[in-house]
>>> print(open('data_16.pdb').read())   # PDB, C-alpha atoms
ATOM      1  CA  MET A   1       0.000   0.000   0.000  1.00  0.00           C
ATOM      2  CA  LYS A   2       2.825   2.360   0.905  1.00  0.00           C
ATOM      3  CA  LYS A   3       4.452   1.714  -2.489  1.00  0.00           C
ATOM      4  CA  ILE A   4       1.219   2.511  -4.313  1.00  0.00           C
ATOM      5  CA  VAL A   5       0.759   5.832  -2.460  1.00  0.00           C
ATOM      6  CA  HIS A   6       4.412   6.681  -3.119  1.00  0.00           C
ATOM      7  CA  SER A   7       4.000   5.865  -6.846  1.00  0.00           C
ATOM      8  CA  VAL A   8       0.815   7.927  -7.120  1.00  0.00           C
ATOM      9  CA  LEU A   9       2.481  10.917  -5.437  1.00  0.00           C
ATOM     10  CA  LEU A  10       5.442  10.695  -7.817  1.00  0.00           C
ATOM     11  CA  ALA A  11       3.098  10.494 -10.802  1.00  0.00           C
ATOM     12  CA  VAL A  12       1.189  13.587  -9.593  1.00  0.00           C
ATOM     13  CA  LEU A  13       4.481  15.443  -9.064  1.00  0.00           C
ATOM     14  CA  PHE A  14       5.689  14.626 -12.590  1.00  0.00           C
ATOM     15  CA  ALA A  15       2.319  15.584 -14.074  1.00  0.00           C
ATOM     16  CA  ALA A  16       2.342  18.926 -12.241  1.00  0.00           C
ATOM     17  CA  THR A  17       5.900  19.617 -13.450  1.00  0.00           C
ATOM     18  CA  SER A  18       4.885  18.839 -17.046  1.00  0.00           C
ATOM     19  CA  LEU A  19       1.851  21.133 -16.831  1.00  0.00           C
ATOM     20  CA  ALA A  20       3.956  23.942 -15.378  1.00  0.00           C
ATOM     21  CA  ARG A  21       6.380  23.708 -18.304  1.00  0.00           C
ATOM     22  CA  ALA A  22       3.555  23.591 -20.837  1.00  0.00           C
ATOM     23  CA  GLY A  23       2.157  26.976 -19.756  1.00  0.00           C
ATOM     24  CA  LEU A  24       3.215  30.420 -20.910  1.00  0.00           C
ATOM     25  CA  VAL A  25       6.668  31.484 -19.760  1.00  0.00           C
ATOM     26  CA  ASP A  26       7.058  35.069 -18.531  1.00  0.00           C
ATOM     27  CA  LEU A  27      10.242  36.593 -20.021  1.00  0.00           C
ATOM     28  CA  SER A  28       9.634  40.111 -18.679  1.00  0.00           C
ATOM     29  CA  GLN A  29      12.568  42.063 -17.336  1.00  0.00           C
ATOM     30  CA  ASP A  30      12.455  43.732 -13.935  1.00  0.00           C
ATOM     31  CA  PRO A  31      10.876  47.210 -13.993  1.00  0.00           C
ATOM     32  CA  VAL A  32      13.277  49.976 -15.039  1.00  0.00           C
ATOM     33  CA  PHE A  33      13.126  53.418 -13.392  1.00  0.00           C
ATOM     34  CA  ILE A  34      13.988  56.170 -15.901  1.00  0.00           C
ATOM     35  CA  THR A  35      13.039  59.325 -13.965  1.00  0.00           C
ATOM     36  CA  GLN A  36      16.645  60.403 -13.344  1.00  0.00           C
ATOM     37  CA  ASP A  37      17.597  60.070 -17.026  1.00  0.00           C
ATOM     38  CA  LEU A  38      14.585  62.200 -18.011  1.00  0.00           C
ATOM     39  CA  LEU A  39      15.589  64.837 -15.441  1.00  0.00           C
ATOM     40  CA  ASN A  40      19.273  64.836 -16.478  1.00  0.00           C
ATOM     41  CA  PHE A  41      19.087  64.354 -20.246  1.00  0.00           C
ATOM     42  CA  SER A  42      15.398  64.883 -21.178  1.00  0.00           C
ATOM     43  CA  SER A  43      15.503  61.390 -22.683  1.00  0.00           C
ATOM     44  CA  ALA A  44      16.006  57.771 -21.665  1.00  0.00           C
ATOM     45  CA  ASN A  45      16.817  54.571 -23.519  1.00  0.00           C
ATOM     46  CA  LEU A  46      14.414  51.643 -23.684  1.00  0.00           C
ATOM     47  CA  GLY A  47      15.615  48.168 -24.539  1.00  0.00           C
ATOM     48  CA  HIS A  48      15.663  44.462 -23.748  1.00  0.00           C
ATOM     49  CA  THR A  49      17.363  41.457 -25.295  1.00  0.00           C
ATOM     50  CA  VAL A  50      15.067  38.488 -24.801  1.00  0.00           C
ATOM     51  CA  ALA A  51      16.180  34.863 -24.999  1.00  0.00           C
ATOM     52  CA  LEU A  52      14.155  31.744 -24.429  1.00  0.00           C
ATOM     53  CA  ASP A  53      14.768  29.898 -21.186  1.00  0.00           C
ATOM     54  CA  LYS A  54      15.328  26.185 -21.265  1.00  0.00           C
ATOM     55  CA  GLY A  55      11.970  24.490 -21.761  1.00  0.00           C
ATOM     56  CA  ALA A  56      10.231  27.587 -23.121  1.00  0.00           C
ATOM     57  CA  LYS A  57       8.538  27.395 -26.518  1.00  0.00           C
ATOM     58  CA  ALA A  58       8.800  30.047 -29.200  1.00  0.00           C
ATOM     59  CA  GLY A  59       5.613  31.774 -30.296  1.00  0.00           C
ATOM     60  CA  ALA A  60       2.665  33.518 -28.686  1.00  0.00           C
ATOM     61  CA  SER A  61       1.426  30.334 -27.027  1.00  0.00           C
ATOM     62  CA  GLY A  62       4.803  29.593 -25.427  1.00  0.00           C
ATOM     63  CA  ASN A  63       6.133  32.842 -23.957  1.00  0.00           C
ATOM     64  CA  TYR A  64       5.485  36.547 -23.466  1.00  0.00           C
ATOM     65  CA  PHE A  65       7.084  39.623 -21.975  1.00  0.00           C
ATOM     66  CA  SER A  66       5.590  42.777 -20.516  1.00  0.00           C
ATOM     67  CA  ASP A  67       8.376  45.269 -19.773  1.00  0.00           C
ATOM     68  CA  LYS A  68       7.683  48.408 -17.759  1.00  0.00           C
ATOM     69  CA  TYR A  69       9.657  51.673 -17.622  1.00  0.00           C
ATOM     70  CA  TYR A  70       8.563  53.868 -14.685  1.00  0.00           C
ATOM     71  CA  PHE A  71       8.959  57.631 -14.297  1.00  0.00           C
ATOM     72  CA  THR A  72       7.487  60.568 -12.441  1.00  0.00           C
ATOM     73  CA  THR A  73       7.092  64.098 -13.728  1.00  0.00           C
ATOM     74  CA  GLY A  74       7.626  67.130 -11.540  1.00  0.00           C
ATOM     75  CA  GLU A  75       6.426  69.532 -14.207  1.00  0.00           C
ATOM     76  CA  VAL A  76       4.201  69.514 -17.288  1.00  0.00           C
ATOM     77  CA  TYR A  77       5.841  67.686 -20.211  1.00  0.00           C
ATOM     78  CA  ASP A  78       5.314  66.929 -23.862  1.00  0.00           C
ATOM     79  CA  LEU A  79       6.462  63.363 -24.488  1.00  0.00           C
ATOM     80  CA  SER A  80       7.353  61.239 -27.499  1.00  0.00           C
ATOM     81  CA  SER A  81       8.715  57.725 -27.761  1.00  0.00           C
ATOM     82  CA  LEU A  82       9.814  55.220 -30.403  1.00  0.00           C
ATOM     83  CA  ILE A  83      10.860  51.580 -30.242  1.00  0.00           C
ATOM     84  CA  THR A  84      12.060  49.271 -33.006  1.00  0.00           C
ATOM     85  CA  SER A  85      12.730  45.572 -33.312  1.00  0.00           C
ATOM     86  CA  LEU A  86      14.225  43.590 -36.178  1.00  0.00           C
ATOM     87  CA  ARG A  87      12.021  40.747 -37.332  1.00  0.00           C
ATOM     88  CA  PRO A  88      13.419  39.053 -40.448  1.00  0.00           C
ATOM     89  CA  GLY A  89      10.371  36.786 -40.739  1.00  0.00           C
ATOM     90  CA  ALA A  90       7.060  35.913 -39.094  1.00  0.00           C
ATOM     91  CA  SER A  91       8.759  33.211 -37.024  1.00  0.00           C
ATOM     92  CA  GLN A  92      11.982  35.064 -36.230  1.00  0.00           C
ATOM     93  CA  GLY A  93      13.059  37.691 -33.704  1.00  0.00           C
ATOM     94  CA  LEU A  94      10.542  39.352 -31.413  1.00  0.00           C
ATOM     95  CA  THR A  95       6.956  40.129 -32.179  1.00  0.00           C
ATOM     96  CA  LEU A  96       5.877  43.330 -30.456  1.00  0.00           C
ATOM     97  CA  THR A  97       2.174  43.346 -29.654  1.00  0.00           C
ATOM     98  CA  GLY A  98       1.747  46.559 -27.670  1.00  0.00           C
ATOM     99  CA  PHE A  99       3.383  49.851 -26.745  1.00  0.00           C
ATOM    100  CA  GLU A 100       1.521  52.132 -24.342  1.00  0.00           C
ATOM    101  CA  LEU A 101       1.916  54.954 -21.856  1.00  0.00           C
ATOM    102  CA  ARG A 102      -0.066  54.300 -18.673  1.00  0.00           C
ATOM    103  CA  ASN A 103      -0.741  55.836 -15.291  1.00  0.00           C
ATOM    104  CA  ALA A 104      -2.847  54.795 -12.299  1.00  0.00           C
ATOM    105  CA  ASN A 105      -6.043  55.558 -14.258  1.00  0.00           C
ATOM    106  CA  GLY A 106      -5.144  53.309 -17.204  1.00  0.00           C
ATOM    107  CA  ILE A 107      -3.895  53.945 -20.713  1.00  0.00           C
ATOM    108  CA  VAL A 108      -2.873  57.528 -21.500  1.00  0.00           C
ATOM    109  CA  PHE A 109      -1.567  56.907 -25.057  1.00  0.00           C
ATOM    110  CA  HIS A 110      -1.700  53.852 -27.320  1.00  0.00           C
ATOM    111  CA  GLY A 111       1.391  53.361 -29.426  1.00  0.00           C
ATOM    112  CA  THR A 112       0.856  52.728 -33.108  1.00  0.00           C
ATOM    113  CA  GLN A 113       2.869  50.492 -35.362  1.00  0.00           C
ATOM    114  CA  ASP A 114       4.508  52.436 -38.171  1.00  0.00           C
ATOM    115  CA  ILE A 115       4.309  50.437 -41.392  1.00  0.00           C
ATOM    116  CA  SER A 116       5.380  53.280 -43.661  1.00  0.00           C
ATOM    117  CA  ALA A 117       7.909  52.971 -46.458  1.00  0.00           C
ATOM    118  CA  GLY A 118      10.499  54.621 -44.205  1.00  0.00           C
ATOM    119  CA  HIS A 119      11.110  51.374 -42.335  1.00  0.00           C
ATOM    120  CA  PRO A 120      12.535  48.180 -43.817  1.00  0.00           C
ATOM    121  CA  ALA A 121      10.174  45.218 -44.138  1.00  0.00           C
ATOM    122  CA  ASP A 122      12.085  43.313 -41.442  1.00  0.00           C
ATOM    123  CA  GLU A 123      11.761  46.083 -38.843  1.00  0.00           C
ATOM    124  CA  GLN A 124       8.867  46.771 -36.492  1.00  0.00           C
ATOM    125  CA  ALA A 125       8.569  50.382 -35.366  1.00  0.00           C
ATOM    126  CA  TRP A 126       6.088  51.577 -32.746  1.00  0.00           C
ATOM    127  CA  SER A 127       5.673  55.163 -31.570  1.00  0.00           C
ATOM    128  CA  PHE A 128       3.505  57.653 -29.747  1.00  0.00           C
ATOM    129  CA  SER A 129       3.617  61.381 -29.073  1.00  0.00           C
ATOM    130  CA  SER A 130       1.554  63.301 -26.573  1.00  0.00           C
ATOM    131  CA  VAL A 131      -1.388  65.097 -28.141  1.00  0.00           C
ATOM    132  CA  HIS A 132      -1.729  67.039 -24.913  1.00  0.00           C
ATOM    133  CA  PRO A 133       0.928  67.690 -22.260  1.00  0.00           C
ATOM    134  CA  LEU A 134       1.372  65.181 -19.448  1.00  0.00           C
ATOM    135  CA  GLU A 135       0.361  66.490 -16.061  1.00  0.00           C
ATOM    136  CA  VAL A 136       2.611  66.105 -13.036  1.00  0.00           C
ATOM    137  CA  GLY A 137       2.427  62.515 -11.802  1.00  0.00           C
ATOM    138  CA  PHE A 138       3.525  58.883 -12.026  1.00  0.00           C
ATOM    139  CA  TYR A 139       3.604  57.090 -15.401  1.00  0.00           C
ATOM    140  CA  PHE A 140       4.979  53.977 -17.008  1.00  0.00           C
ATOM    141  CA  ILE A 141       5.649  52.811 -20.532  1.00  0.00           C
ATOM    142  CA  GLU A 142       4.603  49.212 -21.156  1.00  0.00           C
ATOM    143  CA  ILE A 143       6.041  47.151 -24.022  1.00  0.00           C
ATOM    144  CA  ASN A 144       4.442  43.767 -24.736  1.00  0.00           C
ATOM    145  CA  GLY A 145       5.393  40.951 -27.073  1.00  0.00           C
ATOM    146  CA  TYR A 146       6.794  37.460 -27.417  1.00  0.00           C
ATOM    147  CA  VAL A 147       9.837  35.664 -28.795  1.00  0.00           C
ATOM    148  CA  ALA A 148       8.941  34.255 -32.203  1.00  0.00           C
ATOM    149  CA  SER A 149      11.959  31.946 -32.603  1.00  0.00           C
ATOM    150  CA  ALA A 150      14.340  29.923 -30.477  1.00  0.00           C
ATOM    151  CA  ASN A 151      17.099  32.437 -31.287  1.00  0.00           C
ATOM    152  CA  GLY A 152      15.384  35.214 -29.327  1.00  0.00           C
ATOM    153  CA  GLY A 153      15.629  38.871 -30.261  1.00  0.00           C
ATOM    154  CA  SER A 154      15.707  42.410 -28.926  1.00  0.00           C
ATOM    155  CA  TYR A 155      14.051  45.794 -29.136  1.00  0.00           C
ATOM    156  CA  GLY A 156      15.482  49.237 -28.529  1.00  0.00           C
ATOM    157  CA  GLY A 157      14.242  52.777 -28.470  1.00  0.00           C
ATOM    158  CA  ASN A 158      14.029  56.096 -26.707  1.00  0.00           C
ATOM    159  CA  VAL A 159      11.590  58.279 -24.809  1.00  0.00           C
ATOM    160  CA  ALA A 160      12.045  62.071 -24.800  1.00  0.00           C
ATOM    161  CA  VAL A 161      10.332  64.841 -22.869  1.00  0.00           C
ATOM    162  CA  ALA A 162      10.220  68.610 -23.307  1.00  0.00           C
ATOM    163  CA  SER A 163       8.997  71.124 -20.752  1.00  0.00           C
ATOM    164  CA  VAL A 164       5.842  73.019 -21.628  1.00  0.00           C
ATOM    165  CA  PRO A 165       6.035  76.744 -20.776  1.00  0.00           C
ATOM    166  CA  GLU A 166       3.564  77.887 -18.146  1.00  0.00           C
ATOM    167  CA  ALA A 167       0.918  80.548 -18.841  1.00  0.00           C
ATOM    168  CA  ASP A 168       2.895  83.292 -17.075  1.00  0.00           C
ATOM    169  CA  THR A 169       5.827  82.641 -19.441  1.00  0.00           C
ATOM    170  CA  TYR A 170       3.533  83.254 -22.427  1.00  0.00           C
ATOM    171  CA  ALA A 171       2.183  86.412 -20.755  1.00  0.00           C
ATOM    172  CA  MET A 172       5.715  87.763 -20.271  1.00  0.00           C
ATOM    173  CA  LEU A 173       6.563  86.945 -23.898  1.00  0.00           C
ATOM    174  CA  LEU A 174       3.475  88.790 -25.175  1.00  0.00           C
ATOM    175  CA  ALA A 175       4.180  91.764 -22.901  1.00  0.00           C
ATOM    176  CA  GLY A 176       7.760  91.934 -24.219  1.00  0.00           C
ATOM    177  CA  LEU A 177       6.593  91.806 -27.830  1.00  0.00           C
ATOM    178  CA  GLY A 178       4.024  94.529 -27.105  1.00  0.00           C
ATOM    179  CA  LEU A 179       6.719  96.720 -25.538  1.00  0.00           C
ATOM    180  CA  LEU A 180       8.984  96.229 -28.579  1.00  0.00           C
ATOM    181  CA  GLY A 181       6.101  97.168 -30.894  1.00  0.00           C
ATOM    182  CA  PHE A 182       5.283 100.271 -28.846  1.00  0.00           C
ATOM    183  CA  THR A 183       8.950 101.372 -28.884  1.00  0.00           C
ATOM    184  CA  ALA A 184       9.253 100.840 -32.653  1.00  0.00           C
ATOM    185  CA  ARG A 185       6.076 102.871 -33.236  1.00  0.00           C
ATOM    186  CA  ARG A 186       7.346 105.772 -31.115  1.00  0.00           C
ATOM    187  CA  ARG A 187      10.658 105.781 -33.016  1.00  0.00           C
ATOM    188  CA  ARG A 188       8.866 105.843 -36.345  1.00  0.00           C
ATOM    189  CA  ALA A 189       6.649 108.689 -35.148  1.00  0.00           C
ATOM    190  CA  ALA A 190       9.696 110.637 -33.889  1.00  0.00           C
ATOM    191  CA  LEU A 191      11.502 110.215 -37.242  1.00  0.00           C
ATOM    192  CA  ARG A 192       8.473 111.486 -39.169  1.00  0.00           C
ATOM    193  CA  GLY A 193       7.796 114.417 -36.923  1.00  0.00           C
TER     194      GLY A 193
END
>>> encode(input="data_16.pdb", output="structure tokens")
Amino acid sequence: MKKIVHSVLLAVLFAATSLARAGLVDLSQDPVFITQDLLNFSSANLGHTVALDKGAKAGASGNYFSDKYYFTTGEVYDLSSLITSLRPGASQGLTLTGFELRNANGIVFHGTQDISAGHPADEQAWSFSSVHPLEVGFYFIEINGYVASANGGSYGGNVAVASVPEADTYAMLLAGLGLLGFTARRRRAALRG
């Protein structure tokens, strides 16, 4: 009886191990914090080389990754970002399936895949640009995809921010232009008179 229970337990253990290997394998990298790069350089690099672990299968049903790049803004920013990945064929390299800017409320911007003539056929390019400035707060860029072949692949890109002038800056600019106009008009009047 003891041998039968022992055999059944071993069979269950092997079955559980087989099922665990048959499921999707998460190849995501640890979150990357890019706030300091954005503060120092107004841009930060995005990238990840993804290889299949032993036992992982290539393709959407075998693996996935969901990489996150976190940052906080201390002022109002315009933002733009681009990532690219070489994909020589449908079953080679990485397949990128999503590129988004998110915050605590959900998706702020959906990235779009650029399939224009400016990119080679074996390159995937995804991008987004802010259509309205980002408010002060916490954000993250999420890049999703899977390894399409046993050889793995990589993606790389950049995110850049630019400060948006505040309303009082525009008011000072308009006041300065008005003062220059007034001065030029007085000079013209003095030369005529």
>>> atom_distance(input="data_16.pdb", atom1="CA of Leu82 in chain A", atom2="CA of Phe128 in chain A")
6.8 Å
>>> resolve_selection(input="data_16.pdb", expression="the PyMOL selection byres ((chain A and resi 42-50) around 6)", output="mmCIF file with C-alpha atoms, keeping the file's coordinate frame")
data_model
loop_
_atom_site.group_PDB
_atom_site.id
_atom_site.type_symbol
_atom_site.label_atom_id
_atom_site.label_comp_id
_atom_site.auth_asym_id
_atom_site.auth_seq_id
_atom_site.Cartn_x
_atom_site.Cartn_y
_atom_site.Cartn_z
ATOM 1 C CA ASP A 37 17.597 60.070 -17.026
ATOM 2 C CA LEU A 38 14.585 62.200 -18.011
ATOM 3 C CA LEU A 39 15.589 64.837 -15.441
ATOM 4 C CA PHE A 41 19.087 64.354 -20.246
ATOM 5 C CA ALA A 51 16.180 34.863 -24.999
ATOM 6 C CA GLY A 152 15.384 35.214 -29.327
ATOM 7 C CA GLY A 153 15.629 38.871 -30.261
ATOM 8 C CA SER A 154 15.707 42.410 -28.926
ATOM 9 C CA TYR A 155 14.051 45.794 -29.136
ATOM 10 C CA GLY A 156 15.482 49.237 -28.529
ATOM 11 C CA GLY A 157 14.242 52.777 -28.470
ATOM 12 C CA ASN A 158 14.029 56.096 -26.707
ATOM 13 C CA VAL A 159 11.590 58.279 -24.809
ATOM 14 C CA ALA A 160 12.045 62.071 -24.800
ATOM 15 C CA VAL A 161 10.332 64.841 -22.869
#
>>> atom_distance(input="data_16.pdb", atom1="CA of Val108 in chain A", atom2="CA of Asn40 in chain A")
23.9 Å
>>> atom_distance(input="data_16.pdb", atom1="CA of Leu52 in chain A", atom2="CA of Ala150 in chain A")
6.3 Å
>>> closest_residue(input="data_16.pdb", among="A:Thr84, A:Asn144, A:Ser91, A:Thr73", to="Ser127 in chain A", atoms="all atoms listed in the file")
A:Thr84
>>> closest_residue(input="data_16.pdb", among="A:Leu94, A:Ile115, A:Ile34, A:Ala60", to="Asn151 in chain A", atoms="only C-alpha atoms")
A:Leu94
>>> closest_residue(input="data_16.pdb", among="A:Gln36, A:Gly23, A:Glu135, A:Asp30", to="Gly55 in chain A", atoms="only C-alpha atoms")
A:Gly23
>>> axis_aligned_box(input="data_16.pdb", around="range 126-139 of chain A", padding_each_side="4 Å", output="AutoDock Vina command-line options")
--center_x 2.2 --center_y 59.6 --center_z -22.3 --size_x 15.8 --size_y 24.1 --size_z 28.9
>>> closest_residue(input="data_16.pdb", among="A:Tyr139, A:Tyr146, A:Ser129, A:Gly111", to="Leu27 in chain A", atoms="only C-alpha atoms")
A:Tyr146
>>> resolve_selection(input="data_16.pdb", expression="the PyMOL selection byres ((chain A and resi 32) around 9)", output="ChimeraX atom specification")
/A:29-31,33-34,46,67-71
>>> closest_residue(input="data_16.pdb", among="A:Gly137, A:Gly93, A:Gly106, A:Gly62", to="Val76 in chain A", atoms="only C-alpha atoms")
A:Gly137
>>> residues_near_point(input="data_16.pdb", point="(5.9, 45.8, -23.8)", cutoff="6 Å", atoms="only C-alpha atoms", output="ChimeraX atom specification")
/A:66-67,98-99,142-145
